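In what follows, a single structure is set out as structure tokens and then discussed.
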Amino acid sequence: MIDFLEFLKNTSYPGRGIAVGKNRVYYFIMGRSENSRNRIFEATEDGIRTVAFDESKMKDPSLIIYHPVRETEKGLIVTNGNQTDTIRDMGCFRRALMTREYEPDEPNFTPRISAMIHKDGGFELSILKRVQGRCLRAFYRYDDCDEDKGFFISTYQGDGNPLPSFCGEPLEITMPEPEEVWAALNPDNKVSLYTNVNGTVKLFNKHLGD
């Protein structure tokens with residue numbers, strides 16, 4: 001099992017990341033460009049959305065403004081893009097993601113990562129990424145997991161140009177406290193963090209001094 005805090009401290013740019021454990025969900029965004037960094041998480045009635053911190057600096061909102069988290073009758077949806085709404089509207093995690101693919105942001109072709117946390121405690125993770133010019137759709141289903149353990153998936157596995165996509169199965173990690181996760185993220189690249197521990201939600205935003 002990987003020490004999640006050490007992993008984050010030693011990985012300058014995992015991009016966007018989802019960690020799901022027993023009664024815990026974490027989602028963070030990081031950014032290298034001014035446009036990506038110009039964001040905060042804002043609470044909504046059914047979850048959160050990304051919004052521009054400074055509207056005057058917003059350039060292309062198409063891939064950076066979306067609802068990362070939505071609570072539905074079937075459970076909690078967490079993603080790094082507008083596929084959140086596709087999953088909500090279609091009502092089936094796998095079927096919805098079979099209609100989507102990686103982001104069209106050449107040369108990175110950022111993967112779409114998604115999670116569905118079901119009411120019974122089980123959860124699903126998915127990554128849609130570009131491999132040899134085609135979309136690879138991978139799905140992982142977990143019935144449950146032990147206390148203090150979780151599974152993590154991210155868009156990238158480090159810095160680079162182009163950015164290297166996450167590779168392999170979701171990582172089995174420790175699940176530290178929200179404040180520890182926020183502190184462990186690279187201070188130059190971190191933007192926002194959503195945490196949900198036993199239903200208690202906390203939002204961390206660099207622009208708001210968290």
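So you can find residues: chains in the structure tokens are A, B, ... in the order shown, residues in each start at 1, and ligands are numbered from 1 in order.
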
Exercise for review: Considering only C-alpha atoms, return as a PyMOL selection string whatever protein or nucleic-acid residues lie within 8 Å of A:Arg16, sequence-local ones (same chain, fewer than 6 positions apart) excluded.
Suggested key: chain A and resi 27-30+80+154-156

Next, the residues of the selection above should be written as an mmCIF file, in the first residue's frame with C-alpha atoms.
```cif
data_model
loop_
_atom_site.group_PDB
_atom_site.id
_atom_site.type_symbol
_atom_site.label_atom_id
_atom_site.label_comp_id
_atom_site.auth_asym_id
_atom_site.auth_seq_id
_atom_site.Cartn_x
_atom_site.Cartn_y
_atom_site.Cartn_z
ATOM 1 C CA TYR A 27 -10.899 15.146 -5.516
ATOM 2 C CA PHE A 28 -8.227 17.708 -6.382
ATOM 3 C CA ILE A 29 -7.290 19.838 -9.367
ATOM 4 C CA MET A 30 -3.883 21.237 -10.221
ATOM 5 C CA ASN A 80 -12.669 15.711 -13.917
ATOM 6 C CA SER A 154 -5.250 10.614 -11.666
ATOM 7 C CA THR A 155 -5.022 12.136 -15.114
ATOM 8 C CA TYR A 156 -1.217 12.176 -15.251
#
```

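Going from atom CA of A:Thr11 over to atom CA of A:Gln157, you cover 7.6 Å.
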
Residues within 12 Å of A:Asp46, please, as a compact mmCIF listing (two decimals) with C-alpha atoms, in the first residue's frame. Count only C-alpha atoms; anything in the same chain fewer than 6 positions from it doesn't count.
```
# COMPACT_ATOMS: atom_id res chain seq x y z
CA HIS A 67 -19.43 20.19 -12.08
CA PRO A 68 -16.86 17.76 -10.62
CA VAL A 69 -19.24 16.41 -7.97
CA ARG A 70 -22.97 15.69 -8.08
CA GLU A 71 -25.09 13.79 -5.56
CA THR A 72 -27.79 11.66 -7.19
CA GLU A 73 -30.37 9.12 -6.09
CA GLY A 75 -24.91 7.83 -5.24
CA LEU A 76 -22.08 10.34 -5.55
CA ILE A 77 -20.50 11.09 -8.94
CA VAL A 78 -16.99 12.56 -9.05
CA THR A 84 -20.35 14.12 -14.54
CA ASP A 85 -23.55 15.26 -16.21
CA ARG A 88 -26.13 11.64 -14.04
CA VAL A 201 -17.66 18.25 2.95
```

Exercise for review: From stretch 108-197 of chain A, collect each residue whose DSSP state is alpha helix (DSSP H) and return the set as a ChimeraX atom specification.
Suggested key: /A:178-184

Any idea what's packed within 8 Å of A:Glu42, counting only C-alpha atoms, ignoring anything in its chain fewer than 4 positions away? Could you give it as a compact mmCIF listing (two decimals) with N, CA and C atoms, in the first residue's frame?
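Contents of around_13.txt, as written:
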```
# COMPACT_ATOMS: atom_id res chain seq x y z
N ILE A 48 -20.49 20.31 -6.15
CA ILE A 48 -19.61 21.48 -6.35
C ILE A 48 -19.47 21.76 -7.84
N ARG A 49 -18.99 22.95 -8.14
CA ARG A 49 -18.63 23.31 -9.51
C ARG A 49 -17.33 24.10 -9.50
N THR A 50 -16.66 24.14 -10.62
CA THR A 50 -15.50 25.00 -10.76
C THR A 50 -15.96 26.33 -11.32
N VAL A 51 -15.40 27.40 -10.81
CA VAL A 51 -15.70 28.74 -11.32
C VAL A 51 -14.40 29.51 -11.43
N LEU A 203 -14.02 22.28 1.42
CA LEU A 203 -13.41 22.76 0.19
C LEU A 203 -12.16 23.57 0.53
```

Practice item. Quick one: everything within 8 Å of stretch 124-128 of chain A, counting only C-alpha atoms, minus sequence neighbours fewer than 4 positions away in the same chain. Send it as an NGL selection string. Key: :A and (100-102 or 111-117 or 135-142 or 153 or 170)

For the selection just defined, write its residues with N, CA and C atoms to a file, as a PDB file, in the first residue's frame.
```
ATOM      1  N   ARG A 100     -18.287   8.514 -24.122  1.00  0.00           N
ATOM      2  CA  ARG A 100     -17.320   9.602 -24.000  1.00  0.00           C
ATOM      3  C   ARG A 100     -15.913   9.088 -24.290  1.00  0.00           C
ATOM      4  N   GLU A 101     -14.973  10.038 -24.432  1.00  0.00           N
ATOM      5  CA  GLU A 101     -13.567   9.673 -24.608  1.00  0.00           C
ATOM      6  C   GLU A 101     -12.688  10.743 -23.983  1.00  0.00           C
ATOM      7  N   TYR A 102     -11.382  10.614 -24.148  1.00  0.00           N
ATOM      8  CA  TYR A 102     -10.415  11.551 -23.568  1.00  0.00           C
ATOM      9  C   TYR A 102     -10.674  12.972 -24.096  1.00  0.00           C
ATOM     10  N   PRO A 111      -6.723  12.396 -20.010  1.00  0.00           N
ATOM     11  CA  PRO A 111      -7.709  11.351 -19.719  1.00  0.00           C
ATOM     12  C   PRO A 111      -8.903  11.907 -18.948  1.00  0.00           C
ATOM     13  N   ARG A 112     -10.041  11.275 -19.135  1.00  0.00           N
ATOM     14  CA  ARG A 112     -11.204  11.568 -18.301  1.00  0.00           C
ATOM     15  C   ARG A 112     -11.234  10.518 -17.190  1.00  0.00           C
ATOM     16  N   ILE A 113     -11.181  10.973 -15.952  1.00  0.00           N
ATOM     17  CA  ILE A 113     -11.251  10.061 -14.816  1.00  0.00           C
ATOM     18  C   ILE A 113     -12.578  10.283 -14.101  1.00  0.00           C
ATOM     19  N   SER A 114     -13.170   9.189 -13.622  1.00  0.00           N
ATOM     20  CA  SER A 114     -14.502   9.278 -13.027  1.00  0.00           C
ATOM     21  C   SER A 114     -14.646   8.265 -11.895  1.00  0.00           C
ATOM     22  N   ALA A 115     -15.535   8.595 -10.967  1.00  0.00           N
ATOM     23  CA  ALA A 115     -15.868   7.676  -9.879  1.00  0.00           C
ATOM     24  C   ALA A 115     -17.360   7.745  -9.598  1.00  0.00           C
ATOM     25  N   MET A 116     -17.901   6.603  -9.190  1.00  0.00           N
ATOM     26  CA  MET A 116     -19.292   6.537  -8.737  1.00  0.00           C
ATOM     27  C   MET A 116     -19.290   5.809  -7.408  1.00  0.00           C
ATOM     28  N   ILE A 117     -19.706   6.496  -6.359  1.00  0.00           N
ATOM     29  CA  ILE A 117     -19.757   5.886  -5.030  1.00  0.00           C
ATOM     30  C   ILE A 117     -21.224   5.535  -4.744  1.00  0.00           C
ATOM     31  N   CYS A 135      -9.260   5.333 -28.172  1.00  0.00           N
ATOM     32  CA  CYS A 135      -9.688   5.525 -26.787  1.00  0.00           C
ATOM     33  C   CYS A 135      -9.738   4.188 -26.055  1.00  0.00           C
ATOM     34  N   LEU A 136      -8.966   4.092 -24.994  1.00  0.00           N
ATOM     35  CA  LEU A 136      -9.005   2.932 -24.103  1.00  0.00           C
ATOM     36  C   LEU A 136      -9.894   3.288 -22.926  1.00  0.00           C
ATOM     37  N   ARG A 137     -10.929   2.498 -22.697  1.00  0.00           N
ATOM     38  CA  ARG A 137     -11.850   2.723 -21.579  1.00  0.00           C
ATOM     39  C   ARG A 137     -11.666   1.607 -20.555  1.00  0.00           C
ATOM     40  N   ALA A 138     -11.188   1.966 -19.370  1.00  0.00           N
ATOM     41  CA  ALA A 138     -10.953   0.980 -18.316  1.00  0.00           C
ATOM     42  C   ALA A 138     -11.901   1.247 -17.157  1.00  0.00           C
ATOM     43  N   PHE A 139     -12.462   0.167 -16.605  1.00  0.00           N
ATOM     44  CA  PHE A 139     -13.416   0.266 -15.501  1.00  0.00           C
ATOM     45  C   PHE A 139     -12.989  -0.657 -14.369  1.00  0.00           C
ATOM     46  N   TYR A 140     -13.178  -0.192 -13.135  1.00  0.00           N
ATOM     47  CA  TYR A 140     -12.814  -0.957 -11.947  1.00  0.00           C
ATOM     48  C   TYR A 140     -13.955  -0.861 -10.938  1.00  0.00           C
ATOM     49  N   ARG A 141     -14.381  -2.007 -10.428  1.00  0.00           N
ATOM     50  CA  ARG A 141     -15.492  -2.049  -9.470  1.00  0.00           C
ATOM     51  C   ARG A 141     -14.993  -2.633  -8.148  1.00  0.00           C
ATOM     52  N   TYR A 142     -15.279  -1.940  -7.051  1.00  0.00           N
ATOM     53  CA  TYR A 142     -14.885  -2.373  -5.715  1.00  0.00           C
ATOM     54  C   TYR A 142     -16.140  -2.525  -4.856  1.00  0.00           C
ATOM     55  N   ILE A 153      -6.801   7.365  -8.562  1.00  0.00           N
ATOM     56  CA  ILE A 153      -6.552   7.455  -9.991  1.00  0.00           C
ATOM     57  C   ILE A 153      -6.379   8.926 -10.336  1.00  0.00           C
ATOM     58  N   PRO A 170      -5.807   1.516 -10.615  1.00  0.00           N
ATOM     59  CA  PRO A 170      -5.817   2.492  -9.522  1.00  0.00           C
ATOM     60  C   PRO A 170      -4.880   2.064  -8.401  1.00  0.00           C
TER      61      PRO A 170
END
```

Review point. Can you list every residue in stretch 123-189 of chain A that DSSP puts in strand (DSSP E), as a PyMOL selection string?
Key: chain A and resi 123-131+134-142+149-154+171-174

Please, could you write that set of residues out with C-alpha atoms as a PDB file, in the first residue's frame?
```
ATOM      1  CA  PHE A 123     -17.699   2.178  -5.783  1.00  0.00           C
ATOM      2  CA  GLU A 124     -16.463   2.280  -9.350  1.00  0.00           C
ATOM      3  CA  LEU A 125     -13.495   4.028 -10.954  1.00  0.00           C
ATOM      4  CA  SER A 126     -12.828   4.636 -14.617  1.00  0.00           C
ATOM      5  CA  ILE A 127     -10.240   6.193 -16.909  1.00  0.00           C
ATOM      6  CA  LEU A 128     -10.724   7.013 -20.590  1.00  0.00           C
ATOM      7  CA  LYS A 129      -7.372   7.682 -22.234  1.00  0.00           C
ATOM      8  CA  ARG A 130      -5.689   7.812 -25.631  1.00  0.00           C
ATOM      9  CA  VAL A 131      -3.558   4.807 -26.558  1.00  0.00           C
ATOM     10  CA  ARG A 134      -7.645   5.187 -29.965  1.00  0.00           C
ATOM     11  CA  CYS A 135      -9.688   5.525 -26.787  1.00  0.00           C
ATOM     12  CA  LEU A 136      -9.005   2.932 -24.103  1.00  0.00           C
ATOM     13  CA  ARG A 137     -11.850   2.723 -21.579  1.00  0.00           C
ATOM     14  CA  ALA A 138     -10.953   0.980 -18.316  1.00  0.00           C
ATOM     15  CA  PHE A 139     -13.416   0.266 -15.501  1.00  0.00           C
ATOM     16  CA  TYR A 140     -12.814  -0.957 -11.947  1.00  0.00           C
ATOM     17  CA  ARG A 141     -15.492  -2.049  -9.470  1.00  0.00           C
ATOM     18  CA  TYR A 142     -14.885  -2.373  -5.715  1.00  0.00           C
ATOM     19  CA  LYS A 149      -7.323   2.447   2.822  1.00  0.00           C
ATOM     20  CA  GLY A 150      -8.413   3.796  -0.535  1.00  0.00           C
ATOM     21  CA  PHE A 151      -7.881   3.662  -4.277  1.00  0.00           C
ATOM     22  CA  PHE A 152      -6.502   6.530  -6.324  1.00  0.00           C
ATOM     23  CA  ILE A 153      -6.552   7.455  -9.991  1.00  0.00           C
ATOM     24  CA  SER A 154      -5.250  10.614 -11.666  1.00  0.00           C
ATOM     25  CA  LEU A 171      -3.235   2.765  -6.746  1.00  0.00           C
ATOM     26  CA  GLU A 172      -3.964   1.272  -3.334  1.00  0.00           C
ATOM     27  CA  ILE A 173      -3.237   4.103  -0.897  1.00  0.00           C
ATOM     28  CA  THR A 174      -3.503   5.243   2.710  1.00  0.00           C
TER      29      THR A 174
END
```

Practice item. Grab the atom CA of A:Lys202 to atom CA of A:Glu180 distance for me, in Å with one decimal place. Key: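 Interatomic distance, atom CA of A:Lys202 to atom CA of A:Glu180: 12.7 Å.
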
With a cut-off of 8 Å, could you pull out the residues of stretch 13-40 of chain A touching stretch 187-196 of chain A and give me the nearest pair of atoms for each, distance in Å to one decimal, using only C-alpha atoms, ordered by chain and ascending number, as CSV?
```
residue,atom,partner,partner_atom,distance
A:Tyr13,CA,A:Asn189,CA,7.0
A:Asn23,CA,A:Asn196,CA,7.8
A:Arg24,CA,A:Asn196,CA,5.6
A:Val25,CA,A:Asn196,CA,5.1
A:Tyr26,CA,A:Thr195,CA,4.5
A:Tyr27,CA,A:Tyr194,CA,5.1
A:Phe28,CA,A:Leu193,CA,4.2
A:Ile29,CA,A:Ser192,CA,5.5
A:Met30,CA,A:Lys190,CA,4.4
A:Gly31,CA,A:Asn189,CA,5.3
A:Arg32,CA,A:Asn189,CA,6.1
A:Arg37,CA,A:Val191,CA,5.9
A:Arg39,CA,A:Val191,CA,6.9
A:Ile40,CA,A:Ser192,CA,6.0
```

Point to revise | Neighbour list for A:Pro107 as a PyMOL selection string, cut-off 12 Å, only C-alpha atoms, skip fewer than 4 positions in-chain | key: chain A and resi 102-103+111+130+133+160-165

Review point. Near A:Gly121, counting only C-alpha atoms, which residues have an atom at most 8 Å away, once you skip same-chain residues fewer than 6 positions from it, shown as a ChimeraX atom specification?
Key: /A:22-23,143-144

Check your understanding: What is the distance between atom CA of A:Cys167 and atom CA of A:Lys206, in Å to one decimal?
Key ->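 Interatomic distance, atom CA of A:Cys167 to atom CA of A:Lys206: 28.0 Å.
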